[in-house]
Amino acid sequence: MLEESPSMQAVIRRSDKGPMQRFLQKIGEPRVLAWIAVATVLILWEIVVAAAQLNPIYLPRPTQILIALAAMFNSGGLLTDLLATLGRIFGGFAISLIVGTLLGIWMATSERVNAIADNFIAALYPLPKITLIPLLIIWLGTGGPFMLAISALGAIFPIVINTVLGIRQCDPGLILAARDLGASNRQVIKMVLLPSAVPSIFAGVRLGLGVSIILVVAAEMVVGKVGLGARLYLAGQILETEQVFAVLIVLAILGVVVTKAQDLIDIWLNQWRV
Amino acid sequence: MSVGIAIECDGIGLTYHAKSGTPVEALRRVSFRVAPRRVTAVIGPSGCGKSTLLLIIRGLLAPSAGRVSFVDERTGGIVPTKPRMATVWQGFNLFPWRTVGENIGFGLELGGMSRNERAARMQRSLAMVDLTGFESKYPRQLSGGMRQRVGLARALVMEPEVLLLDEPFGALDAQTRLVLQEQLARIVETSGTTAILVTHSIEEAILLADTVVVMTARPGRIAAEIAVDLPRPRSLATTHVARYSSLFDQIYGLLRDEVVKAMTTEMEIA
């Protein structure tokens with residue numbers, strides 16, 4: 001124990017570091033560094049805009065944007081807009097999750113249904129869903145049903161396709177094992193095919209939710225009276241650039257929250273994968 | 001105690017169509033009888049259709065010809081409804097999203113048994129394979145040997161009158177295999193179930209079975225039925241007995257040519 005091996009020396013040297021070195025090491029950590037980079041950009045932005053005396057119509061300072069954001073939340077009804085947008089996104093998304101998963105199961109377990117649905121999906125899937133907005137407005141108007149429809153349309157295709165994929169990839173040995181233990185067709189679907197397809201379905205959910213967000217905000221920009229998209233468009237029209245940025249920040253934060261939540265669900269799902 | 005069930009396979013044949021459309025004859029006129037409350041081993045070269053035969057006996061695959069009958073040992077008559085059967089698989093086939101306990105309880109859950117009763121039976125069967133305390137682990141957290149003990153417990157919890165074992169220890173290392181073989185021999189003996197063990201190991205067949213059915217290369221047929229008259233309990237020490245060696249040589253003699261045949265047909269296919 002008294003003999004010092006090289007690795008032990010290394011350990012001692014590490015712990016002998018001064019406070020300055022420890023500080024540098026701490027800010028060198030990737031997570032910390034990522035936030036420092038964000039802060040640096042914001043500070044530079046503030047300084048450059050102030051020093052160059054840019055017109056805030058073109059580029060407001062981050063502090064001005066924050067003040068506008070707070071004002072919009074406090075008295076401008078931004079919370080109502082946010083809730084409306086969230087309701088449209090997740091309402092339509094929930095519809096497509098249920099319908100898409102059921103349709104996917106049906107397609108994966110029936111050759112006929114698969115053959116019938118396949119052509120329609122092949123035709124509709126590559127179509128930019130945003131091109132359907134005029135048609136949907138003619139059919140449904142510009143209210144709630146339209147918003148739910150456009151959101152559901154965005155998410156349903158990746159969910160259907162990934163459900164079919166996930167079910168087809170199910171280990172046949174698991175189906176045999178379930179049948180051996182007495183499972184009916186229904187039970188095989190519910191207790192084997194569906195759970196084994198969950199990671200794949202979730203991959204579809206990831207893709208689909210992203211499209212739903214884009215479509216709902218875009219639709220709101222075109223026809224909405226409330227909602228983040230409507231707010232954004234209106235603010236742009238009257239050259240309230242701080243408000244434009246404020247809405248963008250809300251949308252960006254929404255994106256981050258959704259992505260991180262999906263990451264967490266992914267980690268949770270990974271415990272099943274062998 | 002459950003009813004002793006004998007199994008009669010009568011002229012079973014299976015021909016299926018390969019992806020290229022050419023018919024492949026996997027089994028031809030396979031007839032043999034499995035004695036009640038005994039272990040019958042089915043041994044043969046790889047690809048001889050022995051696992052397929054097990055699926056047919058279980059009723060998970062329809063044969064092209066012949067039939068499987070289950071006979072009540074007391075009355076000697078064919079049972080009107082299929083006996084309780086359960087299979088232990090070579091690849092374990094555990095549900096990765098279910099815990100050990102939930103895997104074992106799967107069959108009982110399908111049958112609509114209450115949670116409490118299920119838990120009690122799960123615990124009993126877990127104890128049988130020495131895995132008490134592991135019920136909330138996931139399969140991926142266990143070693144291969146432990147996973148297969150879960151597979152065994154999942155079958156035993158169904159209290160099968162017929163236990164089907166499809167190369168249950170094929171994926172395990174030699175030491176784990178020996179321990180599990182002894183464990184299985186004990187469990188089968190005490191439960192009085194009729195068991196069919198599909199294996200490619202002559203040693204495993206002799207140590208576990210009362211009768212060894214030797215199959216030919218594809219199309220699989222019955223080459224011989226050999227009674228194993230070694231006393232129980234058998235262990236590794238049994239392999240040093242003279243009778244063991246003569247049985248081994250007899251089975252190996254039958255298998256050797258078939259294995260060579262299987263290898264050449266495999267080369268033709270490749």
# chains A, B, ... in the order shown; residues from 1 in each chain; ligands from 1
call {"tool": "closest_atom_pairs", "arguments": {"of": "chain A", "to": "chain B", "cutoff": "10 Å", "atoms": "only C-alpha atoms", "output": "Markdown table"}}
result
| residue | atom | partner | partner_atom | distance |
| --- | --- | --- | --- | --- |
| A:Asp171 | CA | B:Asn93 | CA | 8.4 |
| A:Pro172 | CA | B:Asn93 | CA | 9.0 |
| A:Gly173 | CA | B:Asn93 | CA | 5.6 |
| A:Leu174 | CA | B:Asn93 | CA | 5.3 |
| A:Ile175 | CA | B:Asn93 | CA | 8.8 |
| A:Leu176 | CA | B:Leu60 | CA | 7.6 |
| A:Ala177 | CA | B:Asn93 | CA | 6.3 |
| A:Ala178 | CA | B:Gly107 | CA | 7.6 |
| A:Arg179 | CA | B:Leu60 | CA | 7.5 |
| A:Asp180 | CA | B:Ala86 | CA | 6.1 |
| A:Leu181 | CA | B:Gly107 | CA | 4.8 |
| A:Gly182 | CA | B:Gly107 | CA | 6.5 |
| A:Ala183 | CA | B:Leu110 | CA | 6.3 |
| A:Ser184 | CA | B:Leu110 | CA | 8.5 |
| A:Gln187 | CA | B:Leu110 | CA | 7.5 |
| A:Val188 | CA | B:Leu110 | CA | 9.9 |
| A:Met191 | CA | B:Phe106 | CA | 9.2 |
| A:Val192 | CA | B:Phe95 | CA | 7.8 |
| A:Pro195 | CA | B:Trp97 | CA | 7.3 |
| A:Ser196 | CA | B:Trp97 | CA | 7.7 |
| A:Val198 | CA | B:Trp97 | CA | 9.9 |
| A:Leu269 | CA | B:Trp97 | CA | 8.9 |
| A:Asn270 | CA | B:Trp97 | CA | 9.8 |
| A:Gln271 | CA | B:Trp97 | CA | 7.9 |
| A:Trp272 | CA | B:Trp97 | CA | 4.8 |
| A:Arg273 | CA | B:Pro96 | CA | 6.8 |
| A:Val274 | CA | B:Arg140 | CA | 5.5 |
call {"tool": "select_by_dssp", "arguments": {"residues": "region 19-149 of chain A", "states": "alpha helix (DSSP H)", "output": "number ranges by chain"}}
result
A: 19-27, 30-52, 62-74, 78-109, 111-124, 133-140, 144-149
call {"tool": "residues_around", "arguments": {"residues": "Leu148 (chain A)", "least_positions_apart": "2", "cutoff": "10 Å", "atoms": "only C-alpha atoms", "output": "number ranges by chain"}}
result
A: 87-96, 143-146, 150-153, 212, 216
call {"tool": "write_last_selection", "arguments": {"atoms": "C-alpha atoms", "output": "tab-separated table (two decimals), in the first residue's frame"}}
result
chain	number	residue	atom	x	y	z
A	87	GLY	CA	-55.28	21.68	-26.80
A	88	ARG	CA	-55.32	21.56	-30.60
A	89	ILE	CA	-51.95	19.82	-30.86
A	90	PHE	CA	-52.54	17.18	-28.21
A	91	GLY	CA	-56.25	16.76	-28.96
A	92	GLY	CA	-55.56	15.92	-32.59
A	93	PHE	CA	-52.52	13.92	-31.61
A	94	ALA	CA	-54.56	11.81	-29.15
A	95	ILE	CA	-57.07	11.04	-31.90
A	96	SER	CA	-54.34	9.92	-34.27
A	143	GLY	CA	-63.01	26.25	-35.83
A	144	GLY	CA	-62.09	23.45	-33.45
A	145	PRO	CA	-62.89	20.49	-35.75
A	146	PHE	CA	-60.60	21.90	-38.43
A	150	ILE	CA	-55.12	19.11	-39.26
A	151	SER	CA	-53.27	18.08	-36.11
A	152	ALA	CA	-54.47	14.47	-36.38
A	153	LEU	CA	-53.53	14.33	-40.06
A	212	SER	CA	-48.68	18.11	-35.54
A	216	VAL	CA	-51.33	23.52	-35.91
call {"tool": "residues_around", "arguments": {"residues": "Gly100 (chain A)", "least_positions_apart": "5", "cutoff": "12 Å", "atoms": "only C-alpha atoms", "output": "list of chain:residue names"}}
result
A:Gly92, A:Phe93, A:Ala94, A:Ile95, A:Ile105, A:Trp106, A:Met107, A:Ala108, A:Ala117, A:Ile121, A:Ala152, A:Leu153, A:Gly154, A:Ala155, A:Ile156, A:Phe157, A:Pro158, A:Ile159, A:Val160, A:Ile161, A:Asn162, A:Thr163, A:Val164, A:Ile201, A:Phe202, A:Gly204, A:Val205, A:Gly208
call {"tool": "residues_around", "arguments": {"residues": "Leu14 (chain B)", "least_positions_apart": "6", "cutoff": "7 Å", "atoms": "only C-alpha atoms", "output": "VMD selection string"}}
result
chain B and resid 25 to 28 63 to 65
call {"tool": "residues_around", "arguments": {"residues": "Leu254 (chain A)", "least_positions_apart": "4", "cutoff": "12 Å", "atoms": "only C-alpha atoms", "output": "number ranges by chain"}}
result
A: 82-83, 85-86, 89, 209-210, 213-214, 217, 228, 247-250, 258-261
call {"tool": "atom_distance", "arguments": {"atom1": "CA of Pro219 (chain B)", "atom2": "CA of Gly47 (chain B)"}}
result
8.9 Å
call {"tool": "select_by_dssp", "arguments": {"residues": "region 31-214 of chain B", "states": "strand (DSSP E)", "output": "MDAnalysis selection string"}}
result
chainID B and resid 31:34 39:43 65:72 85:88 162:166 194:199 211:214
call {"tool": "residues_around", "arguments": {"residues": "His240 (chain B)", "least_positions_apart": "6", "cutoff": "12 Å", "atoms": "only C-alpha atoms", "output": "count of residues only"}}
result
7
call {"tool": "closest_atom_pairs", "arguments": {"of": "region 151-267 of chain A", "to": "region 134-137 of chain A", "cutoff": "12 Å", "atoms": "only C-alpha atoms", "output": "tab-separated table"}}
result
residue	atom	partner	partner_atom	distance
A:Ser151	CA	A:Leu136	CA	11.5
A:Leu153	CA	A:Leu136	CA	10.6
A:Ala219	CA	A:Pro134	CA	9.8
A:Glu220	CA	A:Ile137	CA	11.9
A:Val222	CA	A:Pro134	CA	9.8
A:Val223	CA	A:Ile137	CA	9.0
A:Gly224	CA	A:Ile137	CA	11.5
call {"tool": "atom_distance", "arguments": {"atom1": "CA of Pro126 (chain A)", "atom2": "CA of Val211 (chain A)"}}
result
12.6 Å
call {"tool": "atom_distance", "arguments": {"atom1": "CA of Val214 (chain B)", "atom2": "CA of Gly192 (chain B)"}}
result
23.7 Å
call {"tool": "closest_residue", "arguments": {"among": "B:Gly253, B:Glu102, B:Val212, B:Ser136", "to": "Met122 (chain B)", "atoms": "only C-alpha atoms"}}
result
B:Glu102
call {"tool": "decode", "arguments": {"residues": "region 135-205 of chain B", "atoms": "C-alpha atoms", "output": "PDB file, in the first residue's frame"}}
result
ATOM      1  CA  GLU B 135     -40.261 -12.053  -9.087  1.00  0.00           C
ATOM      2  CA  SER B 136     -39.862  -8.325  -9.732  1.00  0.00           C
ATOM      3  CA  LYS B 137     -36.752  -8.604 -11.899  1.00  0.00           C
ATOM      4  CA  TYR B 138     -36.973  -8.281 -15.670  1.00  0.00           C
ATOM      5  CA  PRO B 139     -35.723 -11.165 -17.855  1.00  0.00           C
ATOM      6  CA  ARG B 140     -32.828  -9.113 -19.235  1.00  0.00           C
ATOM      7  CA  GLN B 141     -31.488  -8.737 -15.685  1.00  0.00           C
ATOM      8  CA  LEU B 142     -31.067 -12.510 -15.373  1.00  0.00           C
ATOM      9  CA  SER B 143     -28.445 -14.963 -16.631  1.00  0.00           C
ATOM     10  CA  GLY B 144     -29.339 -17.508 -19.313  1.00  0.00           C
ATOM     11  CA  GLY B 145     -29.733 -20.303 -16.782  1.00  0.00           C
ATOM     12  CA  MET B 146     -32.024 -18.189 -14.617  1.00  0.00           C
ATOM     13  CA  ARG B 147     -34.098 -17.163 -17.620  1.00  0.00           C
ATOM     14  CA  GLN B 148     -34.678 -20.779 -18.513  1.00  0.00           C
ATOM     15  CA  ARG B 149     -35.686 -21.559 -14.937  1.00  0.00           C
ATOM     16  CA  VAL B 150     -38.276 -18.788 -15.332  1.00  0.00           C
ATOM     17  CA  GLY B 151     -39.356 -20.482 -18.572  1.00  0.00           C
ATOM     18  CA  LEU B 152     -39.680 -23.751 -16.679  1.00  0.00           C
ATOM     19  CA  ALA B 153     -41.624 -22.090 -13.845  1.00  0.00           C
ATOM     20  CA  ARG B 154     -43.956 -20.433 -16.369  1.00  0.00           C
ATOM     21  CA  ALA B 155     -44.772 -23.885 -17.771  1.00  0.00           C
ATOM     22  CA  LEU B 156     -45.019 -25.626 -14.373  1.00  0.00           C
ATOM     23  CA  VAL B 157     -47.406 -23.036 -12.957  1.00  0.00           C
ATOM     24  CA  MET B 158     -49.988 -24.296 -15.478  1.00  0.00           C
ATOM     25  CA  GLU B 159     -49.814 -27.696 -13.711  1.00  0.00           C
ATOM     26  CA  PRO B 160     -49.430 -29.398 -17.090  1.00  0.00           C
ATOM     27  CA  GLU B 161     -50.456 -32.988 -17.614  1.00  0.00           C
ATOM     28  CA  VAL B 162     -48.108 -32.926 -20.596  1.00  0.00           C
ATOM     29  CA  LEU B 163     -44.849 -30.983 -20.410  1.00  0.00           C
ATOM     30  CA  LEU B 164     -43.092 -30.271 -23.710  1.00  0.00           C
ATOM     31  CA  LEU B 165     -39.420 -29.359 -23.632  1.00  0.00           C
ATOM     32  CA  ASP B 166     -37.900 -28.034 -26.858  1.00  0.00           C
ATOM     33  CA  GLU B 167     -34.119 -28.226 -26.424  1.00  0.00           C
ATOM     34  CA  PRO B 168     -34.576 -26.361 -23.158  1.00  0.00           C
ATOM     35  CA  PHE B 169     -30.891 -26.252 -22.283  1.00  0.00           C
ATOM     36  CA  GLY B 170     -29.499 -25.881 -25.804  1.00  0.00           C
ATOM     37  CA  ALA B 171     -28.598 -22.219 -25.348  1.00  0.00           C
ATOM     38  CA  LEU B 172     -26.847 -22.709 -22.008  1.00  0.00           C
ATOM     39  CA  ASP B 173     -23.261 -23.425 -21.021  1.00  0.00           C
ATOM     40  CA  ALA B 174     -22.247 -26.945 -20.015  1.00  0.00           C
ATOM     41  CA  GLN B 175     -22.169 -26.411 -16.232  1.00  0.00           C
ATOM     42  CA  THR B 176     -25.508 -24.610 -16.030  1.00  0.00           C
ATOM     43  CA  ARG B 177     -26.926 -27.329 -18.198  1.00  0.00           C
ATOM     44  CA  LEU B 178     -25.888 -30.117 -15.819  1.00  0.00           C
ATOM     45  CA  VAL B 179     -27.395 -28.389 -12.798  1.00  0.00           C
ATOM     46  CA  LEU B 180     -30.651 -27.649 -14.609  1.00  0.00           C
ATOM     47  CA  GLN B 181     -30.898 -31.207 -15.933  1.00  0.00           C
ATOM     48  CA  GLU B 182     -30.780 -32.551 -12.382  1.00  0.00           C
ATOM     49  CA  GLN B 183     -33.318 -29.955 -11.257  1.00  0.00           C
ATOM     50  CA  LEU B 184     -35.641 -30.834 -14.116  1.00  0.00           C
ATOM     51  CA  ALA B 185     -35.325 -34.593 -13.502  1.00  0.00           C
ATOM     52  CA  ARG B 186     -36.391 -34.060  -9.879  1.00  0.00           C
ATOM     53  CA  ILE B 187     -39.328 -31.808 -10.760  1.00  0.00           C
ATOM     54  CA  VAL B 188     -40.686 -34.104 -13.465  1.00  0.00           C
ATOM     55  CA  GLU B 189     -40.385 -37.137 -11.208  1.00  0.00           C
ATOM     56  CA  THR B 190     -42.314 -35.535  -8.349  1.00  0.00           C
ATOM     57  CA  SER B 191     -45.005 -33.913 -10.508  1.00  0.00           C
ATOM     58  CA  GLY B 192     -45.932 -37.093 -12.348  1.00  0.00           C
ATOM     59  CA  THR B 193     -46.395 -35.253 -15.628  1.00  0.00           C
ATOM     60  CA  THR B 194     -45.867 -36.842 -19.020  1.00  0.00           C
ATOM     61  CA  ALA B 195     -42.878 -35.171 -20.645  1.00  0.00           C
ATOM     62  CA  ILE B 196     -41.420 -35.025 -24.126  1.00  0.00           C
ATOM     63  CA  LEU B 197     -37.886 -33.735 -24.329  1.00  0.00           C
ATOM     64  CA  VAL B 198     -36.535 -32.706 -27.711  1.00  0.00           C
ATOM     65  CA  THR B 199     -32.751 -32.615 -27.620  1.00  0.00           C
ATOM     66  CA  HIS B 200     -29.642 -33.102 -29.706  1.00  0.00           C
ATOM     67  CA  SER B 201     -27.582 -34.224 -26.710  1.00  0.00           C
ATOM     68  CA  ILE B 202     -27.301 -37.995 -26.261  1.00  0.00           C
ATOM     69  CA  GLU B 203     -26.122 -37.490 -22.693  1.00  0.00           C
ATOM     70  CA  GLU B 204     -29.149 -35.351 -21.852  1.00  0.00           C
ATOM     71  CA  ALA B 205     -31.481 -37.892 -23.432  1.00  0.00           C
TER      72      ALA B 205
END
